[in-house]
>>> print(open('query_10.txt').read())   # compact mmCIF, C-alpha atoms and all ligand atoms
# COMPACT_ATOMS: atom_id res chain seq x y z
CA MET A 941 -28.41 -27.28 -7.74
CA ALA A 942 -30.10 -27.77 -4.41
CA VAL A 943 -32.87 -25.54 -3.11
CA PHE A 944 -31.85 -23.80 0.08
CA SER A 945 -34.28 -22.99 2.85
CA SER A 946 -32.73 -19.61 3.61
CA VAL A 947 -29.96 -17.31 2.38
CA VAL A 948 -28.18 -18.05 5.63
CA ASP A 949 -27.44 -21.52 4.27
CA LEU A 950 -25.42 -19.87 1.49
CA VAL A 951 -22.74 -18.53 3.84
CA GLY A 952 -19.24 -19.92 3.22
CA ASP A 953 -17.89 -22.44 0.70
CA THR A 954 -16.64 -19.64 -1.50
CA PRO A 955 -14.76 -20.25 -4.75
CA ILE A 956 -11.06 -19.67 -5.39
CA VAL A 957 -9.95 -18.24 -8.75
CA ASP A 958 -6.46 -18.26 -10.25
CA VAL A 959 -5.28 -14.72 -11.00
CA SER A 960 -1.66 -15.62 -11.75
CA GLN A 961 -1.74 -13.38 -14.81
CA LEU A 962 -1.29 -10.57 -12.23
CA SER A 963 1.71 -12.22 -10.59
CA PRO A 964 4.98 -10.29 -10.96
CA ASN A 965 6.86 -13.60 -10.68
CA PRO A 966 6.15 -16.34 -13.25
CA ARG A 967 7.06 -19.01 -10.68
CA VAL A 968 4.54 -17.78 -8.14
CA ARG A 969 0.85 -18.51 -8.53
CA ILE A 970 -1.63 -16.11 -6.96
CA LEU A 971 -5.12 -17.32 -6.08
CA ALA A 972 -8.07 -15.19 -4.98
CA LYS A 973 -10.67 -16.47 -2.50
CA LEU A 974 -13.88 -14.71 -3.45
CA GLU A 975 -15.68 -13.82 -0.24
CA GLY A 976 -17.94 -11.42 -2.07
CA GLN A 977 -19.89 -14.51 -3.12
CA ASN A 978 -21.44 -14.72 0.34
CA PRO A 979 -25.15 -13.81 0.42
CA ALA A 980 -24.81 -10.39 2.06
CA GLY A 981 -21.76 -9.78 -0.10
CA SER A 982 -18.70 -10.09 2.11
CA VAL A 983 -16.40 -12.21 4.24
CA LYS A 984 -18.26 -10.86 7.27
CA ASP A 985 -21.26 -13.12 6.65
CA ARG A 986 -19.20 -15.89 8.20
CA ILE A 987 -18.50 -14.12 11.46
CA ALA A 988 -21.94 -12.55 11.72
CA LEU A 989 -23.47 -16.02 11.55
CA GLY A 990 -20.84 -17.42 13.91
CA MET A 991 -21.34 -14.67 16.51
CA ILE A 992 -25.14 -14.87 16.38
CA GLU A 993 -25.17 -18.64 16.67
CA ALA A 994 -22.71 -18.53 19.57
CA ALA A 995 -24.94 -16.01 21.38
CA GLU A 996 -28.01 -18.17 20.66
CA ALA A 997 -26.24 -21.26 22.00
CA ALA A 998 -25.26 -19.31 25.13
CA GLY A 999 -28.94 -18.40 25.64
CA GLU A 1000 -28.26 -14.68 25.27
CA LEU A 1001 -30.59 -14.15 22.32
CA ARG A 1002 -34.35 -14.55 22.23
CA PRO A 1003 -36.78 -13.46 19.51
CA GLY A 1004 -37.04 -9.67 19.76
CA SER A 1005 -33.65 -9.25 21.44
CA VAL A 1006 -31.68 -6.10 20.63
CA LEU A 1007 -28.24 -6.52 19.07
CA LEU A 1008 -25.65 -3.73 19.05
CA GLU A 1009 -22.49 -3.50 16.94
CA PRO A 1010 -20.02 -0.80 15.83
CA SER A 1011 -19.36 -1.38 12.16
CA SER A 1012 -18.45 0.79 9.22
CA GLY A 1013 -19.99 -1.65 6.85
CA ASN A 1014 -19.65 -5.30 6.11
CA THR A 1015 -20.18 -6.77 9.57
CA GLY A 1016 -23.19 -4.56 10.07
CA ILE A 1017 -24.65 -5.54 6.70
CA ALA A 1018 -24.11 -9.24 7.38
CA LEU A 1019 -25.61 -8.99 10.87
CA ALA A 1020 -28.55 -7.06 9.45
CA MET A 1021 -29.33 -9.83 6.96
CA ILE A 1022 -29.26 -12.52 9.63
CA ALA A 1023 -31.00 -10.46 12.33
CA ARG A 1024 -33.89 -9.84 9.93
CA ILE A 1025 -34.29 -13.55 9.24
CA ARG A 1026 -33.91 -14.62 12.87
CA GLY A 1027 -36.12 -11.90 14.34
CA TYR A 1028 -33.68 -9.67 16.24
CA HIS A 1029 -33.55 -5.89 16.30
CA LEU A 1030 -30.13 -4.63 15.18
CA LYS A 1031 -28.57 -1.27 16.09
CA ILE A 1032 -25.42 -0.36 14.16
CA VAL A 1033 -23.03 2.37 15.30
CA LEU A 1034 -21.55 3.83 12.13
CA PRO A 1035 -19.05 6.65 11.47
CA GLU A 1036 -21.04 9.29 9.57
CA ASN A 1037 -18.55 9.39 6.65
CA VAL A 1038 -19.01 5.86 5.31
CA THR A 1039 -20.24 5.51 1.74
CA VAL A 1040 -23.92 5.99 1.03
CA GLU A 1041 -24.28 2.42 -0.30
CA ARG A 1042 -23.55 0.96 3.11
CA ARG A 1043 -26.04 3.14 4.85
CA GLN A 1044 -28.71 2.19 2.33
CA LEU A 1045 -27.90 -1.50 2.51
CA LEU A 1046 -28.23 -1.44 6.29
CA GLU A 1047 -31.56 0.35 5.96
CA ALA A 1048 -32.73 -2.10 3.31
CA TYR A 1049 -32.11 -5.03 5.62
CA GLY A 1050 -33.92 -3.19 8.40
CA ALA A 1051 -31.12 -2.18 10.77
CA GLU A 1052 -31.28 0.95 12.90
CA ILE A 1053 -28.30 3.31 12.40
CA ILE A 1054 -26.66 5.32 15.18
CA ASP A 1055 -24.11 7.87 13.91
CA SER A 1056 -20.68 8.30 15.48
CA PRO A 1057 -18.35 11.22 14.68
CA GLY A 1058 -16.71 10.71 11.27
CA ALA A 1059 -13.43 12.26 12.39
CA GLU A 1060 -12.96 9.55 14.99
CA GLY A 1061 -13.13 6.71 12.48
CA SER A 1062 -13.73 3.17 13.62
CA ASN A 1063 -12.23 3.91 17.04
CA GLY A 1064 -15.00 6.43 17.64
CA ALA A 1065 -17.70 3.94 16.64
CA VAL A 1066 -16.22 1.34 18.97
CA ARG A 1067 -16.11 3.85 21.84
CA LEU A 1068 -19.69 4.97 21.35
CA ALA A 1069 -20.91 1.36 21.13
CA GLU A 1070 -19.08 0.51 24.36
CA LYS A 1071 -20.78 3.43 26.08
CA LEU A 1072 -24.24 2.45 24.78
CA ALA A 1073 -23.66 -1.17 25.79
CA ALA A 1074 -22.76 -0.10 29.33
CA GLU A 1075 -25.91 2.05 29.53
CA ASN A 1076 -28.16 -0.70 28.14
CA PRO A 1077 -27.06 -3.97 29.70
CA GLU A 1078 -30.06 -5.81 28.21
CA TRP A 1079 -28.75 -5.25 24.68
CA VAL A 1080 -26.51 -7.97 23.30
CA PHE A 1081 -23.18 -6.45 22.34
CA LEU A 1082 -21.46 -8.89 19.97
CA TYR A 1083 -18.29 -6.82 19.62
CA GLN A 1084 -16.48 -8.44 16.70
CA TYR A 1085 -13.07 -7.12 17.84
CA GLY A 1086 -13.24 -9.22 20.98
CA ASN A 1087 -15.63 -12.04 20.06
CA GLU A 1088 -14.04 -15.51 19.87
CA ALA A 1089 -16.67 -16.59 17.35
CA ASN A 1090 -15.06 -14.17 14.86
CA PRO A 1091 -11.66 -15.89 14.46
CA GLU A 1092 -13.36 -19.21 15.17
CA ALA A 1093 -15.57 -18.85 12.06
CA HIS A 1094 -12.39 -18.56 10.01
CA ARG A 1095 -10.54 -21.32 11.86
CA THR A 1096 -13.38 -23.74 11.22
CA GLY A 1097 -14.61 -22.39 7.86
CA THR A 1098 -12.34 -20.25 5.72
CA GLY A 1099 -9.12 -22.02 6.77
CA PRO A 1100 -10.20 -25.58 6.03
CA GLU A 1101 -11.81 -24.50 2.74
CA ILE A 1102 -8.51 -22.97 1.61
CA LEU A 1103 -6.36 -25.95 2.55
CA LYS A 1104 -8.80 -28.36 0.95
CA ASP A 1105 -8.89 -26.45 -2.34
CA VAL A 1106 -5.20 -25.44 -2.35
CA PRO A 1107 -3.17 -28.07 -0.48
CA GLU A 1108 -0.03 -26.67 -2.14
CA ILE A 1109 -0.47 -23.22 -0.51
CA THR A 1110 2.77 -21.58 0.71
CA HIS A 1111 1.59 -18.08 1.67
CA PHE A 1112 -1.65 -16.53 2.90
CA VAL A 1113 -2.34 -12.79 2.61
CA ALA A 1114 -5.34 -10.91 4.00
CA GLY A 1115 -6.38 -7.51 5.25
CA LEU A 1116 -6.09 -6.77 8.94
CA GLY A 1117 -9.14 -5.22 10.53
CA THR A 1118 -10.50 -6.99 13.56
CA SER A 1119 -7.81 -9.59 12.71
CA GLY A 1120 -10.42 -12.36 12.71
CA THR A 1121 -9.58 -13.56 9.19
CA LEU A 1122 -5.83 -13.65 9.77
CA MET A 1123 -5.99 -15.14 13.26
CA GLY A 1124 -8.53 -17.83 12.36
CA VAL A 1125 -7.16 -18.86 8.96
CA GLY A 1126 -3.58 -18.35 10.17
CA SER A 1127 -3.89 -20.60 13.18
CA TYR A 1128 -5.65 -23.32 11.17
CA LEU A 1129 -2.99 -23.25 8.45
CA LYS A 1130 -0.07 -23.16 10.92
CA GLU A 1131 -1.58 -26.13 12.72
CA HIS A 1132 -2.03 -28.23 9.59
CA LYS A 1133 0.81 -26.95 7.42
CA PRO A 1134 3.30 -25.22 9.71
CA ASP A 1135 5.55 -23.77 7.02
CA VAL A 1136 2.79 -21.67 5.45
CA GLU A 1137 3.60 -17.98 5.96
CA ILE A 1138 0.91 -15.52 7.01
CA TYR A 1139 1.02 -11.88 5.87
CA ALA A 1140 -1.18 -8.99 6.95
CA VAL A 1141 -1.88 -5.84 4.97
CA GLU A 1142 -3.42 -2.75 6.46
CA PRO A 1143 -4.42 0.70 5.26
CA PRO A 1144 -2.52 3.68 6.75
CA SER A 1145 -5.64 4.55 8.75
CA GLY A 1146 -3.82 5.98 11.72
CA GLU A 1147 -2.18 8.68 9.66
CA ARG A 1148 -5.01 11.13 9.47
CA VAL A 1149 -7.54 10.01 12.07
CA GLU A 1150 -8.10 13.32 13.74
CA GLY A 1151 -10.22 12.26 16.65
CA LEU A 1152 -7.19 10.67 18.27
CA ARG A 1153 -6.09 12.83 21.15
CA ASN A 1154 -2.96 10.84 21.83
CA LEU A 1155 -1.63 7.42 21.16
CA ASP A 1156 -3.32 5.97 24.21
CA ASP A 1157 -6.52 6.27 22.24
CA GLY A 1158 -4.95 3.66 20.00
CA TYR A 1159 -6.40 0.25 19.70
CA VAL A 1160 -5.27 -3.32 19.24
CA PRO A 1161 -8.17 -5.79 18.87
CA PRO A 1162 -8.45 -8.20 21.81
CA VAL A 1163 -8.79 -11.02 19.24
CA PHE A 1164 -5.32 -10.16 17.91
CA ASP A 1165 -3.76 -10.32 21.38
CA ARG A 1166 -5.58 -13.45 22.51
CA TRP A 1167 -4.82 -15.42 19.35
CA GLY A 1168 -1.13 -14.57 19.52
CA GLY A 1169 -1.11 -12.18 16.57
CA MET A 1170 2.51 -11.13 16.99
CA GLU A 1171 3.72 -14.73 16.85
CA LEU A 1172 1.21 -15.93 14.26
CA LEU A 1173 2.02 -13.35 11.59
CA ASP A 1174 5.19 -13.52 9.52
CA GLY A 1175 4.88 -9.95 8.30
CA LYS A 1176 2.61 -6.94 8.23
CA ARG A 1177 2.70 -4.03 5.81
CA ILE A 1178 0.84 -0.86 4.97
CA VAL A 1179 -0.65 -0.57 1.53
CA ARG A 1180 -1.28 3.03 0.58
CA PRO A 1181 -4.43 4.18 -1.25
CA VAL A 1182 -2.81 4.66 -4.67
CA GLU A 1183 -1.45 1.10 -4.59
CA SER A 1184 -4.74 -0.35 -3.34
CA LEU A 1185 -6.65 1.42 -6.09
CA THR A 1186 -4.18 0.43 -8.80
CA TRP A 1187 -4.51 -3.25 -7.89
CA THR A 1188 -8.27 -3.02 -7.40
CA ARG A 1189 -8.49 -1.81 -11.00
CA ARG A 1190 -6.12 -4.46 -12.30
CA LEU A 1191 -8.25 -7.13 -10.60
CA VAL A 1192 -11.31 -6.01 -12.52
CA SER A 1193 -9.68 -5.11 -15.82
CA GLU A 1194 -7.25 -8.03 -16.12
CA ALA A 1195 -9.00 -10.79 -14.18
CA GLY A 1196 -12.64 -9.72 -14.28
CA ILE A 1197 -12.87 -9.60 -10.50
CA PHE A 1198 -14.91 -6.58 -9.43
CA ALA A 1199 -13.69 -6.29 -5.86
CA GLY A 1200 -13.70 -3.77 -3.03
CA ILE A 1201 -10.68 -1.64 -2.31
CA SER A 1202 -9.30 -3.71 0.57
CA SER A 1203 -9.03 -6.58 -1.90
CA GLY A 1204 -6.76 -4.44 -4.05
CA ALA A 1205 -4.66 -3.87 -0.93
CA ALA A 1206 -4.50 -7.63 -0.29
CA MET A 1207 -3.57 -8.24 -3.94
CA ALA A 1208 -0.83 -5.59 -3.60
CA GLY A 1209 0.46 -7.49 -0.57
CA ALA A 1210 0.38 -10.76 -2.49
CA ALA A 1211 2.35 -9.17 -5.35
CA LYS A 1212 4.98 -7.90 -2.88
CA VAL A 1213 5.36 -11.39 -1.43
CA ALA A 1214 5.57 -12.88 -4.95
CA GLU A 1215 8.43 -10.54 -5.84
CA ARG A 1216 10.40 -11.60 -2.79
CA ILE A 1217 10.09 -15.39 -3.00
CA ASP A 1218 11.54 -17.80 -5.48
CA GLU A 1219 8.42 -19.85 -6.09
CA GLY A 1220 5.19 -20.58 -4.31
CA VAL A 1221 1.41 -20.46 -4.20
CA ILE A 1222 -0.19 -17.45 -2.55
CA VAL A 1223 -3.84 -17.33 -1.53
CA PHE A 1224 -5.30 -13.92 -0.74
CA VAL A 1225 -8.78 -12.85 0.33
CA VAL A 1226 -11.13 -10.79 -1.79
CA CYS A 1227 -13.29 -9.53 1.07
CA ASP A 1228 -16.14 -8.09 -0.91
CA GLY A 1229 -17.31 -6.90 -4.31
CA GLY A 1230 -16.95 -3.38 -5.62
CA TRP A 1231 -20.61 -2.38 -5.45
CA LYS A 1232 -20.44 -0.51 -2.16
CA TYR A 1233 -17.50 1.58 -3.37
CA LEU A 1234 -18.88 2.79 -6.70
CA SER A 1235 -19.83 6.18 -5.30
CA THR A 1236 -16.19 6.86 -4.38
CA GLY A 1237 -15.26 6.90 -8.07
CA ALA A 1238 -12.64 4.25 -7.31
CA TYR A 1239 -13.05 2.44 -10.62
CA THR A 1240 -13.37 5.31 -13.05
CA GLU A 1241 -11.88 8.59 -11.84
CA PRO A 1242 -8.18 9.62 -11.79
CA ILE A 1243 -6.44 7.51 -9.15
CA ASP A 1244 -4.61 10.40 -7.46
CA GLU A 1245 -7.84 12.29 -6.91
CA ILE A 1246 -9.65 9.34 -5.39
CA ALA A 1247 -6.65 8.42 -3.25
CA GLU A 1248 -6.84 11.88 -1.71
CA ARG A 1249 -10.52 11.45 -0.96
CA LEU A 1250 -10.15 7.90 0.29
CA ASP A 1251 -8.24 9.18 3.26
CA ASP A 1252 -11.51 10.62 4.44
CA VAL A 1253 -13.76 7.74 3.42
CA ILE A 1254 -13.47 4.54 5.36
CA TYR A 1255 -12.87 1.74 2.92
CA PHE A 1256 -11.45 -1.02 5.02
CA MET B 799 25.04 6.45 9.41
CA VAL B 800 22.48 7.10 6.71
CA THR B 801 19.72 9.64 6.39
CA VAL B 802 16.11 8.52 6.24
CA SER B 803 12.79 10.32 6.09
CA VAL B 804 10.28 9.97 8.90
CA ARG B 805 6.54 10.55 8.44
CA LEU B 806 4.57 11.56 11.48
CA PRO B 807 0.81 11.08 11.89
CA THR B 808 -1.45 14.06 12.58
CA VAL B 809 -1.64 13.19 16.26
CA LEU B 810 2.14 13.53 16.78
CA ARG B 811 2.80 16.62 14.69
CA PRO B 812 2.25 19.14 17.51
CA ALA B 813 4.98 17.40 19.52
CA ALA B 814 7.41 17.88 16.62
CA GLY B 815 6.86 21.56 15.95
CA GLY B 816 4.03 20.87 13.53
CA GLN B 817 6.18 18.99 11.03
CA SER B 818 4.76 16.02 9.10
CA LYS B 819 8.00 14.80 7.51
CA LEU B 820 11.52 14.96 8.94
CA SER B 821 14.99 13.91 7.81
CA VAL B 822 16.91 12.03 10.49
CA ALA B 823 20.28 10.26 10.52
CA GLY B 824 21.00 6.89 12.12
CA ALA B 825 22.25 3.39 11.43
CA ALA B 826 19.23 1.52 12.82
CA VAL B 827 15.57 2.34 13.50
CA GLY B 828 16.34 2.73 17.21
CA ASP B 829 18.93 5.44 16.49
CA VAL B 830 16.32 7.42 14.61
CA VAL B 831 13.82 7.08 17.45
CA ASP B 832 16.50 8.20 19.96
CA ARG B 833 17.38 11.13 17.77
CA LEU B 834 13.72 12.18 17.40
CA ILE B 835 13.27 12.07 21.17
CA GLU B 836 16.44 14.11 21.69
CA ASP B 837 15.26 16.79 19.29
CA TYR B 838 11.62 16.68 20.37
CA PRO B 839 11.38 15.50 23.98
CA ALA B 840 7.58 15.71 23.87
CA LEU B 841 7.64 12.67 21.56
CA GLU B 842 9.27 10.40 24.14
CA SER B 843 6.19 9.44 26.15
CA ASN B 844 4.34 8.88 22.88
CA LEU B 845 6.84 6.54 21.30
CA VAL B 846 8.53 4.38 23.92
CA ASP B 847 7.56 2.82 27.23
CA ASP B 848 9.56 2.76 30.48
CA GLU B 849 11.72 -0.08 29.21
CA GLY B 850 12.54 1.76 26.00
CA SER B 851 10.48 -0.51 23.72
CA VAL B 852 8.07 0.82 21.13
CA ARG B 853 4.71 1.38 22.82
CA LYS B 854 1.94 -1.07 22.14
CA PHE B 855 -0.31 1.46 20.40
CA VAL B 856 2.44 2.71 18.12
CA ASN B 857 3.46 1.03 14.90
CA ILE B 858 6.68 1.94 13.12
CA TYR B 859 7.02 0.98 9.47
CA LEU B 860 10.22 0.79 7.44
CA ASN B 861 9.36 1.18 3.76
CA ASP B 862 5.80 0.31 4.84
CA GLU B 863 6.75 -2.90 6.67
CA ASP B 864 6.03 -3.14 10.40
CA ILE B 865 9.43 -3.24 12.13
CA ARG B 866 8.11 -5.66 14.77
CA PHE B 867 8.29 -8.31 12.05
CA LEU B 868 11.75 -7.17 10.96
CA GLU B 869 14.35 -6.66 13.69
CA SER B 870 12.34 -4.11 15.69
CA LEU B 871 14.48 -1.18 16.85
CA GLU B 872 17.64 -2.97 15.73
CA THR B 873 16.49 -3.07 12.09
CA PRO B 874 19.35 -1.60 10.02
CA LEU B 875 18.65 1.32 7.69
CA SER B 876 19.77 2.14 4.16
CA GLU B 877 20.13 5.57 2.59
CA GLY B 878 16.78 6.92 1.48
CA ASP B 879 14.67 4.54 3.52
CA GLU B 880 11.30 5.79 4.67
CA LEU B 881 10.06 5.38 8.20
CA ALA B 882 6.43 5.98 9.07
CA ILE B 883 5.07 6.17 12.58
CA LEU B 884 1.37 5.41 12.93
CA PRO B 885 -0.98 5.00 15.87
CA ALA B 886 -2.76 1.65 16.08
CA VAL B 887 -6.44 2.20 15.36
CA ALA B 888 -9.44 -0.06 15.16
CA GLY B 889 -9.54 -1.26 11.60
CA GLY B 890 -12.19 -3.42 10.12
CA GLN B 891 -15.79 -3.05 9.41
C1 LIG C 1 -13.66 -5.11 3.09
C2 LIG C 1 -12.89 -5.63 4.26
N1 LIG C 1 -11.60 -5.90 4.13
C3 LIG C 1 -10.88 -6.37 5.17
C4 LIG C 1 -11.42 -6.57 6.42
C5 LIG C 1 -10.58 -7.10 7.56
O1 LIG C 1 -10.95 -8.37 8.03
P1 LIG C 1 -10.84 -8.79 9.56
O2 LIG C 1 -11.80 -7.96 10.35
O3 LIG C 1 -11.19 -10.24 9.61
O4 LIG C 1 -9.43 -8.53 10.02
C6 LIG C 1 -12.75 -6.26 6.56
C7 LIG C 1 -13.36 -6.35 7.84
O5 LIG C 1 -13.06 -5.75 8.78
C8 LIG C 1 -13.50 -5.80 5.47
O6 LIG C 1 -14.81 -5.53 5.59
>>> encode(input="query_10.txt", output="structure tokens")
Amino acid sequence: MAVFSSVVDLVGDTPIVDVSQLSPNPRVRILAKLEGQNPAGSVKDRIALGMIEAAEAAGELRPGSVLLEPSSGNTGIALAMIARIRGYHLKIVLPENVTVERRQLLEAYGAEIIDSPGAEGSNGAVRLAEKLAAENPEWVFLYQYGNEANPEAHRTGTGPEILKDVPEITHFVAGLGTSGTLMGVGSYLKEHKPDVEIYAVEPPSGERVEGLRNLDDGYVPPVFDRWGGMELLDGKRIVRPVESLTWTRRLVSEAGIFAGISSGAAMAGAAKVAERIDEGVIVFVVCDGGWKYLSTGAYTEPIDEIAERLDDVIYF
Amino acid sequence: MVTVSVRLPTVLRPAAGGQSKLSVAGAAVGDVVDRLIEDYPALESNLVDDEGSVRKFVNIYLNDEDIRFLESLETPLSEGDELAILPAVAGGQ
């Protein structure tokens, strides 16, 4: 084992584990890419590093610069780790109802937290960050939803890693948030193995977000539009909280993978694909570990009760 | 013609007399949307644009699958199917 000069050098090159014992179809293998192995604990380490290095290369960042980002968790945590090491001051706009673990992690890494209204969800955090960025033009607003370095980190990192480790891949399934993972990995795979199918899963977040005044407050990430999301994806489905939780628990109890709840959603999506196809090899993304979700009771309490509560706690 | 259930998000309930779940008849997703707009005209500007396509910030799911990746408004329906209409929101962390 080599000695690394900084945790930043540990980003990427994550392992893939066979979890075919969970496959509903004996002729379909299901493989999990474990992004929780990244140093700050999630897939977002890749894009945080990519976005910071792109801003450094563009001359936008100098020691002491202020970075701003709306993030309900993983991106903020990853940025906080890197900002601390590289000497930037990070401000994170965070909906007030995220789990306590995330808040504490951000504080541990030294980020400053700015609260946005919980009822407005991620949209509200994005809006407030946009307003602050306009008022403070000297702050560097990375804006993961619109930053090319986000999908690019997956096109040049995650995608090639998957194809190298699993050349026989037939389907790729991942959660849809900023769309960076799906756009980056999807475009790399389609370029190098055009018949691979790309499937998105998403939580039913829009159902109860109360801060929405009308549908024009809706939001489609610029990354999704610019990278041709509608053409790139072969399918997109909602996974509801009960299903996400059920699969999150099966991942830990039957495969020993202690993953976050969006990974259960991705696994649910992979199982749906497996049921529909004759044979194949599905790779799905385990975005993070379960640590940050322990306080929700997701792993131990009655699933129906947590599912109810999850509607109010951002988990994706 | 079959009958399907339609789930409405919080933001659209006022336009549909406060209901969260409706039963609507139609042969394809588009028929159901037309029928909803007929019964609740306030929904029209929320659901479709001037050309009659589903608005960009609206997602319609048939049994939880986004109809844009099926046959959009032409997607045929079966008895007991579930449609869900959801606003597009910023996901991700
Ligand atoms: C736990 C988790 N799952 C899924 C996603 C979605 O990934 P992406 O933003 O690349 O679409 C994110 C990030 O937003 C995440 O943190």
>>> residues_around(input="query_10.txt", residues="Asp837 (chain B)", least_positions_apart="6", cutoff="12 Å", atoms="all atoms listed in the file", output="list of chain:residue names")
B:Ala813, B:Ala814, B:Gly815, B:Leu820, B:Ser821, B:Val822, B:Val830, B:Val831
>>> write_last_selection(input="query_10.txt", atoms="C-alpha atoms", output="mmCIF file, in the coordinates of the input")
data_model
loop_
_atom_site.group_PDB
_atom_site.id
_atom_site.type_symbol
_atom_site.label_atom_id
_atom_site.label_comp_id
_atom_site.auth_asym_id
_atom_site.auth_seq_id
_atom_site.Cartn_x
_atom_site.Cartn_y
_atom_site.Cartn_z
ATOM 1 C CA ALA B 813 4.980 17.400 19.520
ATOM 2 C CA ALA B 814 7.410 17.880 16.620
ATOM 3 C CA GLY B 815 6.860 21.560 15.950
ATOM 4 C CA LEU B 820 11.520 14.960 8.940
ATOM 5 C CA SER B 821 14.990 13.910 7.810
ATOM 6 C CA VAL B 822 16.910 12.030 10.490
ATOM 7 C CA VAL B 830 16.320 7.420 14.610
ATOM 8 C CA VAL B 831 13.820 7.080 17.450
#
>>> residues_near_ligand(input="query_10.txt", ligand="ligand LIG 1 (chain C)", cutoff="8 Å", atoms="only C-alpha atoms and all ligand atoms", output="PDB file with C-alpha atoms, in the frame of the given file")
ATOM      1  CA  SER A 982     -18.700 -10.090   2.110  1.00  0.00           C
ATOM      2  CA  VAL A 983     -16.400 -12.210   4.240  1.00  0.00           C
ATOM      3  CA  LYS A 984     -18.260 -10.860   7.270  1.00  0.00           C
ATOM      4  CA  GLY A1013     -19.990  -1.650   6.850  1.00  0.00           C
ATOM      5  CA  ASN A1014     -19.650  -5.300   6.110  1.00  0.00           C
ATOM      6  CA  THR A1015     -20.180  -6.770   9.570  1.00  0.00           C
ATOM      7  CA  GLN A1084     -16.480  -8.440  16.700  1.00  0.00           C
ATOM      8  CA  TYR A1085     -13.070  -7.120  17.840  1.00  0.00           C
ATOM      9  CA  ASN A1090     -15.060 -14.170  14.860  1.00  0.00           C
ATOM     10  CA  PRO A1091     -11.660 -15.890  14.460  1.00  0.00           C
ATOM     11  CA  ALA A1114      -5.340 -10.910   4.000  1.00  0.00           C
ATOM     12  CA  GLY A1115      -6.380  -7.510   5.250  1.00  0.00           C
ATOM     13  CA  LEU A1116      -6.090  -6.770   8.940  1.00  0.00           C
ATOM     14  CA  GLY A1117      -9.140  -5.220  10.530  1.00  0.00           C
ATOM     15  CA  THR A1118     -10.500  -6.990  13.560  1.00  0.00           C
ATOM     16  CA  SER A1119      -7.810  -9.590  12.710  1.00  0.00           C
ATOM     17  CA  GLY A1120     -10.420 -12.360  12.710  1.00  0.00           C
ATOM     18  CA  THR A1121      -9.580 -13.560   9.190  1.00  0.00           C
ATOM     19  CA  LEU A1122      -5.830 -13.650   9.770  1.00  0.00           C
ATOM     20  CA  GLY A1200     -13.700  -3.770  -3.030  1.00  0.00           C
ATOM     21  CA  ILE A1201     -10.680  -1.640  -2.310  1.00  0.00           C
ATOM     22  CA  SER A1202      -9.300  -3.710   0.570  1.00  0.00           C
ATOM     23  CA  SER A1203      -9.030  -6.580  -1.900  1.00  0.00           C
ATOM     24  CA  VAL A1226     -11.130 -10.790  -1.790  1.00  0.00           C
ATOM     25  CA  CYS A1227     -13.290  -9.530   1.070  1.00  0.00           C
ATOM     26  CA  ASP A1228     -16.140  -8.090  -0.910  1.00  0.00           C
ATOM     27  CA  TYR A1255     -12.870   1.740   2.920  1.00  0.00           C
ATOM     28  CA  PHE A1256     -11.450  -1.020   5.020  1.00  0.00           C
TER      29      PHE A1256
ATOM     30  CA  GLY B 889      -9.540  -1.260  11.600  1.00  0.00           C
ATOM     31  CA  GLY B 890     -12.190  -3.420  10.120  1.00  0.00           C
ATOM     32  CA  GLN B 891     -15.790  -3.050   9.410  1.00  0.00           C
TER      33      GLN B 891
END
>>> atom_distance(input="query_10.txt", atom1="CA of Arg986 (chain A)", atom2="CA of Gly1097 (chain A)")
8.0 Å
>>> closest_atom_pairs(input="query_10.txt", of="chain B", to="chain A", cutoff="10 Å", atoms="only C-alpha atoms", output="CSV")
residue,atom,partner,partner_atom,distance
B:Arg805,CA,A:Glu1147,CA,9.0
B:Leu806,CA,A:Glu1147,CA,7.6
B:Pro807,CA,A:Glu1147,CA,4.4
B:Thr808,CA,A:Arg1148,CA,5.6
B:Val809,CA,A:Asn1154,CA,6.2
B:Leu810,CA,A:Asn1154,CA,7.7
B:Ser843,CA,A:Leu1155,CA,9.5
B:Asn844,CA,A:Leu1155,CA,6.4
B:Leu845,CA,A:Leu1155,CA,8.5
B:Arg853,CA,A:Leu1155,CA,8.9
B:Lys854,CA,A:Val1160,CA,8.1
B:Phe855,CA,A:Gly1158,CA,5.2
B:Val856,CA,A:Leu1155,CA,6.9
B:Asn857,CA,A:Gly1146,CA,9.4
B:Tyr859,CA,A:Arg1177,CA,7.6
B:Leu860,CA,A:Arg1177,CA,9.1
B:Asn861,CA,A:Arg1177,CA,8.7
B:Asp862,CA,A:Ile1178,CA,5.1
B:Glu863,CA,A:Arg1177,CA,4.3
B:Asp864,CA,A:Lys1176,CA,5.6
B:Ile865,CA,A:Lys1176,CA,8.7
B:Arg866,CA,A:Met1170,CA,8.1
B:Phe867,CA,A:Gly1175,CA,5.3
B:Leu868,CA,A:Gly1175,CA,7.9
B:Ala882,CA,A:Glu1147,CA,9.0
B:Ile883,CA,A:Glu1147,CA,8.2
B:Leu884,CA,A:Gly1146,CA,5.4
B:Pro885,CA,A:Gly1146,CA,5.1
B:Ala886,CA,A:Gly1158,CA,4.9
B:Val887,CA,A:Tyr1159,CA,4.8
B:Ala888,CA,A:Asn1063,CA,5.2
B:Gly889,CA,A:Gly1117,CA,4.1
B:Gly890,CA,A:Gly1117,CA,3.6
B:Gln891,CA,A:Ser1012,CA,4.7
>>> atom_distance(input="query_10.txt", atom1="CA of Ser1235 (chain A)", atom2="CA of Val1040 (chain A)")
7.5 Å
>>> atom_distance(input="query_10.txt", atom1="CA of Glu1052 (chain A)", atom2="CA of Val951 (chain A)")
23.1 Å
